file input-v4.csv (CSV, C-alpha atoms and all ligand atoms)
chain,number,residue,atom,x,y,z
V,1,MET,CA,-3.2,-34.8,-4.7
V,2,PRO,CA,-2.4,-34.6,-8.5
V,3,ASP,CA,-1.1,-31.2,-9.7
V,4,ILE,CA,-3.7,-29.1,-11.4
V,5,PRO,CA,-2.2,-27.6,-14.6
V,6,ARG,CA,-3.3,-24.1,-13.8
V,7,TYR,CA,-1.1,-24.1,-10.7
V,8,SER,CA,1.9,-25.9,-12.1
V,9,ASN,CA,3.9,-22.6,-12.2
V,10,PHE,CA,2.8,-21.4,-8.8
V,11,ILE,CA,5.5,-21.1,-6.1
V,12,GLU,CA,5.4,-24.2,-3.9
V,13,HIS,CA,4.6,-23.7,-0.2
V,14,PRO,CA,6.6,-26.0,2.0
V,15,ARG,CA,3.6,-27.1,3.9
V,16,TYR,CA,0.6,-26.7,1.6
V,17,GLY,CA,2.2,-27.3,-1.8
V,18,ARG,CA,1.2,-25.3,-4.9
V,19,SER,CA,-2.4,-26.3,-5.6
V,20,PRO,CA,-5.5,-25.2,-3.7
V,21,CYS,CA,-6.6,-27.1,-0.6
V,22,PHE,CA,-10.2,-28.0,-1.4
V,23,THR,CA,-12.6,-28.2,1.5
V,24,GLY,CA,-15.8,-28.3,-0.5
V,25,LEU,CA,-17.0,-25.3,1.5
V,26,ASN,CA,-18.1,-22.4,-0.6
V,27,PRO,CA,-20.2,-20.2,1.8
V,28,HIS,CA,-20.3,-17.1,-0.3
V,29,THR,CA,-22.6,-18.8,-2.7
V,30,ASP,CA,-24.1,-21.2,-0.2
V,31,TYR,CA,-25.4,-18.7,2.4
V,32,GLY,CA,-25.1,-15.4,0.7
V,33,GLY,CA,-25.8,-12.5,3.1
V,34,ASP,CA,-24.5,-14.0,6.4
V,35,THR,CA,-21.0,-14.5,5.1
V,36,PHE,CA,-18.3,-11.9,5.3
V,37,LEU,CA,-15.2,-12.5,3.2
V,38,HIS,CA,-11.9,-10.9,3.5
V,39,TRP,CA,-11.5,-7.7,1.4
V,40,HIS,CA,-8.6,-9.3,-0.3
V,41,SER,CA,-10.5,-12.4,-1.5
V,42,SER,CA,-12.2,-10.6,-4.3
V,43,LYS,CA,-14.0,-12.8,-6.8
V,44,SER,CA,-11.1,-12.6,-9.3
V,45,CYS,CA,-8.5,-14.2,-7.0
V,46,ARG,CA,-10.8,-16.3,-4.7
V,47,ILE,CA,-10.6,-20.1,-5.4
V,48,PRO,CA,-14.0,-21.7,-5.1
V,49,ASN,CA,-14.6,-24.6,-2.6
V,50,THR,CA,-11.5,-23.8,-0.5
V,51,ALA,CA,-13.2,-22.0,2.4
V,52,ILE,CA,-12.6,-22.7,6.0
V,53,ALA,CA,-14.6,-21.1,8.9
V,54,ALA,CA,-13.0,-18.4,10.9
V,55,ASP,CA,-13.1,-18.2,14.7
V,56,LEU,CA,-14.4,-14.7,15.2
V,57,ASN,CA,-13.4,-14.6,18.9
V,58,LYS,CA,-9.7,-15.0,18.0
V,59,GLN,CA,-9.6,-12.3,15.4
V,60,VAL,CA,-8.4,-8.8,16.3
V,61,PRO,CA,-11.6,-6.8,16.4
V,62,ALA,CA,-12.4,-5.1,13.1
V,63,THR,CA,-15.3,-3.1,11.7
V,64,VAL,CA,-16.3,-6.1,9.7
V,65,ALA,CA,-15.3,-9.5,11.0
V,66,VAL,CA,-14.3,-12.2,8.5
V,67,THR,CA,-16.4,-15.3,8.7
V,68,HIS,CA,-14.5,-17.5,6.2
V,69,TYR,CA,-11.1,-17.6,4.7
V,70,TYR,CA,-10.6,-18.8,1.1
V,71,ASP,CA,-7.4,-19.8,-0.7
V,72,VAL,CA,-6.6,-16.8,-2.9
V,73,GLU,CA,-4.3,-16.3,-5.8
V,74,ARG,CA,-1.5,-13.8,-5.4
V,75,LYS,CA,1.3,-12.4,-7.5
V,76,CYS,CA,4.6,-11.9,-5.6
V,77,ARG,CA,5.8,-8.3,-5.3
V,78,ASP,CA,9.4,-9.3,-5.6
V,79,CYS,CA,9.7,-12.2,-8.1
V,80,GLN,CA,6.4,-11.7,-9.9
V,81,SER,CA,5.5,-15.4,-9.6
V,82,MET,CA,2.0,-16.5,-8.8
V,83,PHE,CA,1.4,-18.2,-5.4
V,84,ILE,CA,-1.5,-19.2,-3.2
V,85,PHE,CA,-2.2,-17.4,0.1
V,86,PHE,CA,-3.8,-20.4,1.7
V,87,ALA,CA,-6.9,-20.2,3.9
V,88,ALA,CA,-5.1,-22.1,6.6
V,89,GLU,CA,-2.3,-19.5,6.5
V,90,GLN,CA,-4.8,-16.7,6.8
V,91,LYS,CA,-6.4,-18.4,9.8
V,92,TYR,CA,-2.9,-18.6,11.4
V,93,TRP,CA,-2.1,-15.0,10.6
V,94,TYR,CA,-5.3,-13.5,11.8
V,95,GLU,CA,-6.1,-15.7,14.7
V,96,ASP,CA,-2.9,-17.2,16.1
V,97,LEU,CA,-0.4,-14.4,15.2
V,98,GLN,CA,-3.1,-11.7,15.8
V,99,PHE,CA,-2.3,-9.9,12.6
V,100,GLY,CA,-4.8,-7.2,11.7
V,101,LEU,CA,-7.3,-8.2,9.1
V,102,ASP,CA,-5.9,-5.5,6.9
V,103,SER,CA,-2.5,-7.2,6.5
V,104,ASP,CA,-2.1,-8.9,3.3
V,105,CYS,CA,0.5,-11.4,2.0
V,106,VAL,CA,2.4,-9.7,-0.8
V,107,ARG,CA,5.4,-12.0,-1.2
V,108,CYS,CA,5.6,-15.7,-2.0
V,109,CYS,CA,7.1,-17.9,0.7
V,110,THR,CA,10.5,-18.1,-1.0
V,111,CYS,CA,10.8,-14.3,-1.2
V,112,ARG,CA,9.5,-14.0,2.4
V,113,LYS,CA,12.2,-16.3,3.6
V,114,GLU,CA,14.8,-14.2,1.6
V,115,GLN,CA,13.4,-11.0,3.2
V,116,GLN,CA,13.7,-12.5,6.7
V,117,GLY,CA,17.3,-13.5,5.9
V,118,LEU,CA,18.1,-10.0,4.8
V,119,THR,CA,16.5,-8.5,7.9
V,120,GLN,CA,18.6,-10.8,10.1
V,121,LYS,CA,21.8,-10.0,8.3
V,122,ARG,CA,21.2,-6.3,8.6
V,123,GLN,CA,20.6,-6.7,12.3
V,124,GLN,CA,23.7,-8.7,12.7
V,125,TYR,CA,25.7,-6.2,10.7
V,126,GLU,CA,24.4,-3.3,12.8
V,127,GLU,CA,25.3,-5.1,16.0
V,128,LEU,CA,28.8,-6.0,14.9
V,129,PHE,CA,29.4,-2.6,13.4
V,130,HIS,CA,28.9,-0.9,16.7
V,131,VAL,CA,31.2,-3.3,18.7
V,132,VAL,CA,34.2,-1.3,20.0
V,133,ASP,CA,37.5,-3.2,19.6
V,134,ARG,CA,36.1,-6.0,17.5
V,135,ALA,CA,37.9,-9.4,17.8
V,136,PRO,CA,39.2,-11.0,14.6
V,137,ASP,CA,36.2,-13.4,14.5
V,138,GLN,CA,33.8,-10.4,14.7
V,139,ASN,CA,35.7,-8.6,11.9
V,140,LEU,CA,35.4,-11.7,9.7
V,141,ALA,CA,31.7,-12.0,10.5
V,142,LEU,CA,31.2,-8.3,9.7
V,143,ALA,CA,33.0,-8.8,6.4
V,144,GLU,CA,30.8,-11.7,5.5
V,145,CYS,CA,27.6,-9.8,6.5
V,146,CYS,CA,28.7,-6.8,4.4
V,147,LEU,CA,29.5,-9.0,1.4
V,148,TYR,CA,26.2,-10.7,1.6
V,149,LEU,CA,24.3,-7.4,1.7
V,150,ILE,CA,26.3,-6.1,-1.3
V,151,GLU,CA,25.4,-9.2,-3.2
V,152,LYS,CA,21.7,-8.7,-2.4
V,153,ASP,CA,21.9,-5.1,-3.5
V,154,VAL,CA,21.2,-3.8,0.0
V,155,PHE,CA,24.6,-2.1,0.1
V,156,THR,CA,26.2,-0.4,-2.8
V,157,SER,CA,29.2,-1.9,-4.4
V,158,GLN,CA,31.4,0.8,-3.0
V,159,GLN,CA,31.2,-1.1,0.3
V,160,THR,CA,33.6,-3.7,-1.2
V,161,GLN,CA,36.4,-1.4,0.0
V,162,HIS,CA,35.1,-1.6,3.5
V,163,VAL,CA,35.1,-5.4,3.3
V,164,ARG,CA,38.7,-5.4,2.0
V,165,ARG,CA,39.8,-3.2,4.9
V,166,LEU,CA,38.2,-5.6,7.4
V,167,LEU,CA,39.9,-8.5,5.8
V,168,ASN,CA,43.3,-6.8,5.8
V,169,GLN,CA,43.0,-6.3,9.6
V,170,LEU,CA,42.8,-10.1,10.2
V,171,PRO,CA,45.8,-11.8,11.8
V,172,ASN,CA,47.9,-13.8,9.4
V,173,GLU,CA,46.7,-17.2,10.7
V,174,LYS,CA,45.5,-20.3,8.9
V,175,LYS,CA,42.1,-20.2,10.4
V,176,TYR,CA,41.4,-16.8,9.0
V,177,ASN,CA,43.4,-16.9,5.8
V,178,GLU,CA,41.2,-19.6,4.2
V,179,ARG,CA,37.9,-17.8,4.7
V,180,ALA,CA,39.5,-14.4,3.9
V,181,ASP,CA,40.8,-15.7,0.6
V,182,HIS,CA,37.4,-17.0,-0.2
V,183,LEU,CA,35.8,-13.6,0.5
V,184,ARG,CA,38.5,-11.8,-1.5
V,185,GLN,CA,37.7,-14.0,-4.4
V,186,GLN,CA,34.0,-13.1,-4.1
V,187,LEU,CA,35.0,-9.4,-3.9
V,188,THR,CA,37.1,-9.6,-7.1
V,189,ASP,CA,34.1,-11.3,-8.8
V,190,ILE,CA,31.8,-8.5,-7.7
V,191,GLU,CA,34.2,-5.8,-8.8
V,192,ARG,CA,34.7,-7.4,-12.1
V,193,SER,CA,31.0,-7.7,-12.8
V,194,MET,CA,30.7,-4.0,-11.8
V,195,SER,CA,33.3,-2.9,-14.3
V,196,ASN,CA,31.6,-5.0,-17.0
V,197,GLY,CA,28.2,-3.8,-16.3
V,201,ZN,ZN,8.5,-14.3,-4.7

call {"tool": "encode", "arguments": {"input": "input-v4.csv", "output": "structure tokens"}}
result
Amino acid sequence: MPDIPRYSNFIEHPRYGRSPCFTGLNPHTDYGGDTFLHWHSSKSCRIPNTAIAADLNKQVPATVAVTHYYDVERKCRDCQSMFIFFAAEQKYWYEDLQFGLDSDCVRCCTCRKEQQGLTQKRQQYEELFHVVDRAPDQNLALAECCLYLIEKDVFTSQQTQHVRRLLNQLPNEKKYNERADHLRQQLTDIERSMSNG
């Protein structure tokens, strides 16, 4: 499908692309009163002719069921880019994943992936942090986690000292030295950018 100029700056979805998926179905205007649209597909963000029918039996019961999903335009909370929350994604969210109809998509797929990565790193960090008598490999992994979280502004830059301590505990062996040197270089870069900014 050719790119539509309006959507050329939208974040690309790995499966659906960046332009609307037109189905030719536009029930809000076609049937009027019998159609219930999602509260989040208000007229301003709803993309006409992209509707797909909902399976009401699969939705989590709500006061008002949603009979059709539309592609809707969204602005990402994190990167402020525009993206489409596709009707097919909504169907997947509300029917297969059983998300409540009040859950909305606030981040583009790129930022969502980033968010998931952060969550995983935090979990990994928590687990490693609480290990008693960490092995060198675990100390190294903990240092890497910590550095990643500093770079993503989850941890404050004061945590660089913690990373240095972890690195200094590593045995003086080739298999550790290379990675440790690489991490020390990253730490130096972070500390330098802190003192400059
Ligand atoms: Zn984003």

call {"tool": "residues_around", "arguments": {"input": "input-v4.csv", "residues": "stretch 174-188 of chain V", "least_positions_apart": "5", "cutoff": "10 Å", "atoms": "all atoms listed in the file", "output": "ChimeraX atom specification"}}
result
/V:136-137,140,143-144,147-148,150-151,157,160-161,163-164,166-168,193-194

call {"tool": "residues_around", "arguments": {"input": "input-v4.csv", "residues": "stretch 58-71 of chain V", "least_positions_apart": "3", "cutoff": "10 Å", "atoms": "all atoms listed in the file", "output": "compact mmCIF listing (two decimals) with C-alpha atoms, in the frame of the given file"}}
result
# COMPACT_ATOMS: atom_id res chain seq x y z
CA SER V 19 -2.40 -26.30 -5.60
CA PRO V 20 -5.50 -25.20 -3.70
CA CYS V 21 -6.60 -27.10 -0.60
CA PHE V 22 -10.20 -28.00 -1.40
CA THR V 23 -12.60 -28.20 1.50
CA LEU V 25 -17.00 -25.30 1.50
CA ASN V 26 -18.10 -22.40 -0.60
CA PRO V 27 -20.20 -20.20 1.80
CA HIS V 28 -20.30 -17.10 -0.30
CA ASP V 34 -24.50 -14.00 6.40
CA THR V 35 -21.00 -14.50 5.10
CA PHE V 36 -18.30 -11.90 5.30
CA LEU V 37 -15.20 -12.50 3.20
CA HIS V 38 -11.90 -10.90 3.50
CA TRP V 39 -11.50 -7.70 1.40
CA HIS V 40 -8.60 -9.30 -0.30
CA SER V 41 -10.50 -12.40 -1.50
CA SER V 42 -12.20 -10.60 -4.30
CA CYS V 45 -8.50 -14.20 -7.00
CA ARG V 46 -10.80 -16.30 -4.70
CA ILE V 47 -10.60 -20.10 -5.40
CA PRO V 48 -14.00 -21.70 -5.10
CA ASN V 49 -14.60 -24.60 -2.60
CA THR V 50 -11.50 -23.80 -0.50
CA ALA V 51 -13.20 -22.00 2.40
CA ILE V 52 -12.60 -22.70 6.00
CA ALA V 53 -14.60 -21.10 8.90
CA ALA V 54 -13.00 -18.40 10.90
CA ASP V 55 -13.10 -18.20 14.70
CA ARG V 74 -1.50 -13.80 -5.40
CA ILE V 84 -1.50 -19.20 -3.20
CA PHE V 85 -2.20 -17.40 0.10
CA PHE V 86 -3.80 -20.40 1.70
CA ALA V 87 -6.90 -20.20 3.90
CA ALA V 88 -5.10 -22.10 6.60
CA GLU V 89 -2.30 -19.50 6.50
CA GLN V 90 -4.80 -16.70 6.80
CA LYS V 91 -6.40 -18.40 9.80
CA TRP V 93 -2.10 -15.00 10.60
CA TYR V 94 -5.30 -13.50 11.80
CA GLU V 95 -6.10 -15.70 14.70
CA ASP V 96 -2.90 -17.20 16.10
CA LEU V 97 -0.40 -14.40 15.20
CA GLN V 98 -3.10 -11.70 15.80
CA PHE V 99 -2.30 -9.90 12.60
CA GLY V 100 -4.80 -7.20 11.70
CA LEU V 101 -7.30 -8.20 9.10
CA ASP V 102 -5.90 -5.50 6.90

call {"tool": "residues_near_ligand", "arguments": {"input": "input-v4.csv", "ligand": "ligand ZN 201 (chain V)", "cutoff": "6 Å", "atoms": "only C-alpha atoms and all ligand atoms", "output": "count of residues only"}}
result
8

call {"tool": "atom_distance", "arguments": {"input": "input-v4.csv", "atom1": "atom CA of V:Glu126", "atom2": "atom CA of V:Lys113"}}
result
20.1 Å

call {"tool": "atom_distance", "arguments": {"input": "input-v4.csv", "atom1": "atom CA of V:Gln138", "atom2": "atom CA of V:Gly117"}}
result
19.0 Å

call {"tool": "residues_around", "arguments": {"input": "input-v4.csv", "residues": "V:Cys145", "least_positions_apart": "2", "cutoff": "8 Å", "atoms": "only C-alpha atoms", "output": "list of chain:residue names"}}
result
V:Lys121, V:Arg122, V:Gln124, V:Tyr125, V:Ala141, V:Leu142, V:Ala143, V:Leu147, V:Tyr148, V:Leu149

call {"tool": "atom_distance", "arguments": {"input": "input-v4.csv", "atom1": "atom CA of V:Gln120", "atom2": "atom CA of V:Asn139"}}
result
17.3 Å

call {"tool": "closest_residue", "arguments": {"input": "input-v4.csv", "among": "V:Glu127, V:Asn196, V:Leu118, V:Arg18", "to": "V:Asp153", "atoms": "only C-alpha atoms"}}
result
V:Leu118

call {"tool": "closest_residue", "arguments": {"input": "input-v4.csv", "among": "V:Lys152, V:His130, V:Lys75, V:His162", "to": "V:Glu114", "atoms": "all atoms listed in the file"}}
result
V:Lys152
